[in-house]
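Read the structure below first, then the notes.
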Amino acid sequence: MSAHTQPSGSSGNGLVKWIDSRLPVFTYLQKEYGEFPAPRNFNYWWNFGAILTFMLVLMIFTGIFLAMQYTPHVDLAFDSVERIMRDVNYGWLLRYMHANGATFFFIAVYIHIFRGLYYGSYKNPRELLWIFGVVILVLMMATAFMGYVLPWGQLSLWGATVITNLFSAIPLVGDAVVTWLWGGFVVDNPTLNRFFSLHFLLPFVIFGVVVLHVIALHVTGSNNPLGIDPKGPQDTIPFHPYYTAKDSFGLAIWVTLFAAVVFFAPNFFGEPENYLKANPLVTPAEIVPEWYFLPFFAILRSVDFNVWFIDAKLGGVIAMFGSILLLFVVPWLDRSKVRSARFRPIYKWFFWILILDCFLLGFVGAHSPADQVFDGVEGLLFIDLGHVGTAWYFIHFLVLLPVLGMVEKPKPLPTSIAEPVLGGGQAATGAAAKPMEKA
Amino acid sequence: MMDIGNKITRVTATAIVAGLTLIAGTAGAIAAGDAESPESQNWAFNGVFGKFDKASIQRGLQVYIENCSACHSLEQLAYRNLFDLGFNIDEVKEIAAQYEVTDGPDEFGDMFERPAIPSDRFVLPFPNENAARASNNGAFPPDFSVLAKAHPSGPDFIYAILTGFKDEPPEGVELAEGMNYNPFFAGGQIAMAPPLFEDGIEYTDGTAATVQQQAWDVTNFLQWAAEPEMEDRKRIGWKVVLFLLVLSGLLYAAKRQTWARLH
């Protein structure tokens, strides 16, 4: 252990010392990424922080090189993307990495978020850490949406039209807001130009918020699968080499999966119709967003009724944005003091139901609301599933989370992290491990 | 505790895979609309080891030039791209020289016509969309450059359309003026008349020019036109994936060894 507690600033070579005494970057790195004490019991779900950092950097780098070749003009954008695919050296690789990078970025971020929900990582004292995470999610969604517009295919144009039109639901000023967003009276060249500009800017904003996210993490320390605080040095291990080694392995597996898709199925996650040039005169039969927006799209379309003075359109917009913004207050909605779902026998089940609900909403989002779910089964339409899925999503967060905290009787928590991990030499070992196996 | 982790991992992985399959599958179903879904064909380029059938693609180019290029553009391709198909410089020059392009301005400021050269893009059949519609009963023949990627069934869809024309629509289907019946096209009605005929062209390599053969060849050609990088992509992909698998193995061993110090 002691080998890891020596700041490199005092043991490095002359240049390192010289720099470190003026700007302590080496001391900082050693403290925050070298000896940073992390709970010893992380499972592989804790790899996704490192994976997400990698994805962000990958997206920024591939994006910068794509921007060197891309032309943000309605007459040239589609062709310039095809030029990248055909004539730029390894341009196809850059573009496929960037396009599939968005997919893998979202898979990773959703896993990371659900990891947080399962193990209660948002609870005291990590509320602000969680809030920064939700800010990153919102920024990612905005960035991905605008990025999808850039190739100027049919779904770029019509997706942009549908999503920006949502703002017209705002009472009184809606239409003016939409005109202002578009920079005109339809989605056209000014819209494409500003989306390109913002698509280039936002990743750096995300990077800044990631820094805040990491700083906040390093103040409170990481949560862990047991959800209990480390009680002393026996419960933690230095980040390096233990978690650098574990993260490297997890990241390599992740990148292998990513590479398999990029090289062998690069259009699997994409909508084929976006390979048709944008045409303002031809509306696609079905305007669907990228897969990672489908659950939210389903929520938007599931509000097909008026509530008092709120018409269906505004209601859908409120529900959709509400479903995301809701995450900001999850730390206060959840009244349970126990973090990890391993010790919350009822919440654990509702967690998995929420996962299924999100998949259900994604399924609904990919279909026209008026279509039958099963051929030949009259009466069951996608809109019905959408109603159920949407209602359940809000019930989970607004009703179940607060109520469970009051009625659920949590299982006894282990006394320390080290105890079940190291065996502890106490009779508790077997007894403590057993009930958790059922968990 | 390990068991729980593993179980969760398995369950979640299954759920994710199932979910993605569901979404991908359903997305395909939407775009197909009320059209008959095309049968999957055994293309040479299918699968992770798939390669282009160069001979078929070369024949497909001939089908395109002689049959399709009067209406369908191929605007993202240049004649120089044909080197990828195994044509030599003289052959490519000869193909290009069949077409006239507008160049200029010359030193007097005038535009002039000249034969196309390998660095020129495939010459468009119509100067603009309106001209194309005017010549095609109001319909706009789509550009062919990425057509094979623009439909969920891609090449299978193209092949099904080309071989799926029926002389008479089934009972109860009323064709609009100038439309043709094709069950694989959304709505069953397509503005394009059947474009391929038995022995409609004479293959330079002597292959019998059945409708199926021509459809097969031109589909291979269009798939190549849509993703000319495919062979490079898959070849590099194998190297990258194998490298990453070995790297993952080494990193796992390194992780095991590092963590062994803890126990």
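Letters A, B, ... go to the chains of the structure tokens in the order shown; residues in each chain start at 1; ligands are counted from 1 in the same order.
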What residues in chain B lie within 6 Å of chain A, counting only C-alpha atoms, written as a list in words?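 Here is what falls inside 6 Å: Met1, Ile4, Ile23, Val48, Lys149, Ala150, His151, Pro152, Arg233, Lys234, Gly237, Val241, Leu244, Ser248, Leu251, Tyr252 and Lys255 of chain B.
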Excluding Ile163 of chain A and its own-chain neighbours fewer than 4 positions away, which residues fall within 10 Å of it when counting only C-alpha atoms? Please give them as an MDAnalysis selection string. chainID A and resid 145 158:159 167:168 289 297 317
Quick one: everything within 9 Å of Val218 of chain B, counting only C-alpha atoms, minus sequence neighbours fewer than 2 positions away in the same chain. Send it as an mmCIF file with C-alpha atoms, in the first residue's frame.
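Output file part20.cif is given in full below:
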data_model
loop_
_atom_site.group_PDB
_atom_site.id
_atom_site.type_symbol
_atom_site.label_atom_id
_atom_site.label_comp_id
_atom_site.auth_asym_id
_atom_site.auth_seq_id
_atom_site.Cartn_x
_atom_site.Cartn_y
_atom_site.Cartn_z
ATOM 1 C CA SER B 56 -21.136 -10.306 -61.894
ATOM 2 C CA ILE B 57 -20.535 -6.648 -61.002
ATOM 3 C CA GLN B 58 -18.838 -6.038 -64.358
ATOM 4 C CA ARG B 59 -21.847 -7.554 -66.120
ATOM 5 C CA GLY B 60 -24.046 -5.436 -63.843
ATOM 6 C CA LEU B 61 -22.248 -2.323 -65.039
ATOM 7 C CA GLN B 62 -23.156 -3.312 -68.579
ATOM 8 C CA VAL B 63 -26.797 -3.769 -67.548
ATOM 9 C CA TYR B 64 -26.712 -0.368 -65.872
ATOM 10 C CA TYR B 159 -33.678 -7.961 -56.951
ATOM 11 C CA GLN B 213 -29.300 -13.009 -64.521
ATOM 12 C CA GLN B 214 -29.480 -9.323 -65.415
ATOM 13 C CA ALA B 215 -31.307 -8.506 -62.170
ATOM 14 C CA TRP B 216 -28.734 -10.496 -60.215
ATOM 15 C CA ASN B 220 -24.396 -6.878 -57.350
ATOM 16 C CA PHE B 221 -23.283 -3.748 -59.179
ATOM 17 C CA LEU B 222 -25.520 -1.505 -57.081
ATOM 18 C CA GLN B 223 -24.363 -3.072 -53.841
#
At a cut-off of 9 Å, using only C-alpha atoms, what residues contact segment 397-411 of chain A? Leave out same-chain residues fewer than 4 positions from it and give the result as a ChimeraX atom specification. /A:326-327,330,332-338,342-347,350,392-393,435
Writing out the chosen residues with N, CA and C atoms as a compact mmCIF listing (two decimals), in the first residue's frame:
# COMPACT_ATOMS: atom_id res chain seq x y z
N LEU A 326 -37.37 14.47 -14.87
CA LEU A 326 -37.68 13.73 -13.66
C LEU A 326 -36.43 13.17 -12.99
N LEU A 327 -35.47 12.78 -13.82
CA LEU A 327 -34.26 12.15 -13.28
C LEU A 327 -33.51 13.10 -12.35
N VAL A 330 -34.69 12.49 -8.78
CA VAL A 330 -34.72 11.12 -8.25
C VAL A 330 -34.09 11.01 -6.86
N TRP A 332 -34.38 12.83 -4.44
CA TRP A 332 -35.33 13.24 -3.41
C TRP A 332 -36.64 12.48 -3.50
N LEU A 333 -36.88 11.86 -4.66
CA LEU A 333 -38.09 11.04 -4.78
C LEU A 333 -37.92 9.73 -4.01
N ASP A 334 -36.71 9.20 -4.05
CA ASP A 334 -36.44 7.93 -3.38
C ASP A 334 -36.23 8.21 -1.90
N ARG A 335 -37.16 7.71 -1.08
CA ARG A 335 -37.10 8.01 0.35
C ARG A 335 -36.33 6.95 1.12
N SER A 336 -35.88 5.91 0.47
CA SER A 336 -35.19 4.84 1.19
C SER A 336 -33.77 5.28 1.53
N LYS A 337 -33.34 4.94 2.74
CA LYS A 337 -31.97 5.27 3.15
C LYS A 337 -30.98 4.23 2.62
N VAL A 338 -31.49 3.05 2.27
CA VAL A 338 -30.62 1.98 1.80
C VAL A 338 -30.32 2.21 0.32
N ARG A 342 -29.66 -4.64 -3.69
CA ARG A 342 -29.44 -5.98 -3.13
C ARG A 342 -30.12 -6.15 -1.78
N PHE A 343 -30.29 -5.04 -1.07
CA PHE A 343 -30.89 -5.12 0.26
C PHE A 343 -32.30 -4.53 0.27
N ARG A 344 -32.84 -4.33 -0.95
CA ARG A 344 -34.20 -3.79 -1.03
C ARG A 344 -35.07 -4.80 -1.80
N PRO A 345 -35.65 -5.75 -1.06
CA PRO A 345 -36.32 -6.89 -1.71
C PRO A 345 -37.45 -6.49 -2.66
N ILE A 346 -38.14 -5.39 -2.40
CA ILE A 346 -39.25 -5.01 -3.29
C ILE A 346 -38.76 -4.12 -4.42
N TYR A 347 -37.95 -3.12 -4.08
CA TYR A 347 -37.46 -2.19 -5.10
C TYR A 347 -36.76 -2.94 -6.23
N PHE A 350 -39.07 -3.98 -8.84
CA PHE A 350 -39.59 -2.85 -9.62
C PHE A 350 -38.51 -2.26 -10.53
N TRP A 392 -46.71 3.64 -16.46
CA TRP A 392 -45.87 2.92 -15.53
C TRP A 392 -44.56 3.67 -15.25
N TYR A 393 -44.00 4.27 -16.31
CA TYR A 393 -42.74 5.01 -16.15
C TYR A 393 -42.91 6.07 -15.07
N PRO A 435 -28.13 -14.95 2.15
CA PRO A 435 -29.35 -14.25 1.74
C PRO A 435 -29.13 -13.38 0.51
Quick one: of A:Val88, A:Ala341, A:Val388, A:Val149, who's nearest to Phe114 of chain A, counting only C-alpha atoms?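 Selected residue with least distance to Phe114 of chain A: A:Ala341.
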Take atom CA of Phe122 of chain B and atom CA of Glu202 of chain B and report the distance between them in Å, one decimal.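 Separation of atom CA of Phe122 of chain B and atom CA of Glu202 of chain B: 22.3 Å.
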For segment 161-168 of chain B, list every protein, DNA or RNA residue within 9 Å, evaluated using only C-alpha atoms, and leave out those in the same chain fewer than 2 positions away; present the list as a ChimeraX atom specification. /B:38,156-159,170-171,180-185,193-196,211-212,214-216
Which residues in segment 93-226 of chain B does DSSP call alpha helix (DSSP H)? List them as JSON, numbers by chain. {"B": [93, 94, 95, 96, 97, 129, 130, 131, 132, 133, 134, 135, 154, 155, 156, 157, 158, 159, 160, 161, 162, 163, 211, 212, 213, 214, 215, 216, 217, 218, 219, 220, 221, 222, 223, 224, 225, 226]}
Please list as a ChimeraX atom specification every residue within 9 Å of Leu226 of chain A, counting only C-alpha atoms and excluding residues in the same chain fewer than 5 positions away. /A:41,119,339-343,413-414,416-417
For Leu94 of chain A, find every residue with an atom within 8 Å (counting only C-alpha atoms), except residues of its own chain fewer than 4 positions away, and show them as a ChimeraX atom specification. /A:62,65-66,90,98
Restricting the output to N, CA, C and O atoms, write the selected residues as a PDB file, in the first residue's frame.
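Contents of part-v6.pdb, freshly written:
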ATOM      1  N   THR A  62     -13.030  11.675 -33.828  1.00  0.00           N
ATOM      2  CA  THR A  62     -13.566  11.348 -35.153  1.00  0.00           C
ATOM      3  C   THR A  62     -14.366  12.530 -35.689  1.00  0.00           C
ATOM      4  O   THR A  62     -14.316  12.845 -36.874  1.00  0.00           O
ATOM      5  N   PHE A  65     -12.186  15.293 -37.265  1.00  0.00           N
ATOM      6  CA  PHE A  65     -11.688  14.948 -38.602  1.00  0.00           C
ATOM      7  C   PHE A  65     -12.813  14.918 -39.641  1.00  0.00           C
ATOM      8  O   PHE A  65     -12.609  15.286 -40.793  1.00  0.00           O
ATOM      9  N   LEU A  66     -14.001  14.501 -39.224  1.00  0.00           N
ATOM     10  CA  LEU A  66     -15.133  14.552 -40.151  1.00  0.00           C
ATOM     11  C   LEU A  66     -15.468  15.995 -40.520  1.00  0.00           C
ATOM     12  O   LEU A  66     -15.772  16.307 -41.677  1.00  0.00           O
ATOM     13  N   TYR A  90      -9.767   6.404 -45.529  1.00  0.00           N
ATOM     14  CA  TYR A  90     -10.410   5.849 -44.339  1.00  0.00           C
ATOM     15  C   TYR A  90     -11.556   6.712 -43.838  1.00  0.00           C
ATOM     16  O   TYR A  90     -11.927   6.675 -42.671  1.00  0.00           O
ATOM     17  N   HIS A  98     -17.999   7.206 -35.993  1.00  0.00           N
ATOM     18  CA  HIS A  98     -18.733   8.309 -35.383  1.00  0.00           C
ATOM     19  C   HIS A  98     -20.225   7.964 -35.257  1.00  0.00           C
ATOM     20  O   HIS A  98     -20.832   8.181 -34.209  1.00  0.00           O
TER      21      HIS A  98
END
Write out as a PyMOL selection string all residues of segment 123-275 of chain A that DSSP puts in strand (DSSP E or B) for this structure's backbone. chain A and resi 153+236-238
Residue selection dump (C-alpha atoms) as a PDB file, in the first residue's frame:
ATOM      1  CA  GLY A 153     -30.936  12.580 -45.477  1.00  0.00           C
ATOM      2  CA  THR A 236     -10.655   0.306  -0.212  1.00  0.00           C
ATOM      3  CA  ILE A 237      -7.881  -0.269  -2.707  1.00  0.00           C
ATOM      4  CA  PRO A 238      -5.911   2.302  -4.701  1.00  0.00           C
TER       5      PRO A 238
END
Pick from B:Leu82, B:Ala226, B:Ala116, B:Ala260, whichever lies nearest to Gln98 of chain B using only C-alpha atoms: B:Ala116
Atom CA of Leu300 of chain A to atom CA of Lys313 of chain A: how many Å, to one decimal?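 For atom CA of Leu300 of chain A relative to atom CA of Lys313 of chain A, the distance reads 8.2 Å.
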Under the rule that only C-alpha atoms are counted, which of B:Thr210, B:Ser153, B:Gln76, B:Ser135 is the nearest residue to Ser37 of chain B?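 Looking only at the distances to Ser37 of chain B, the closest residue turns out to be B:Ser153.
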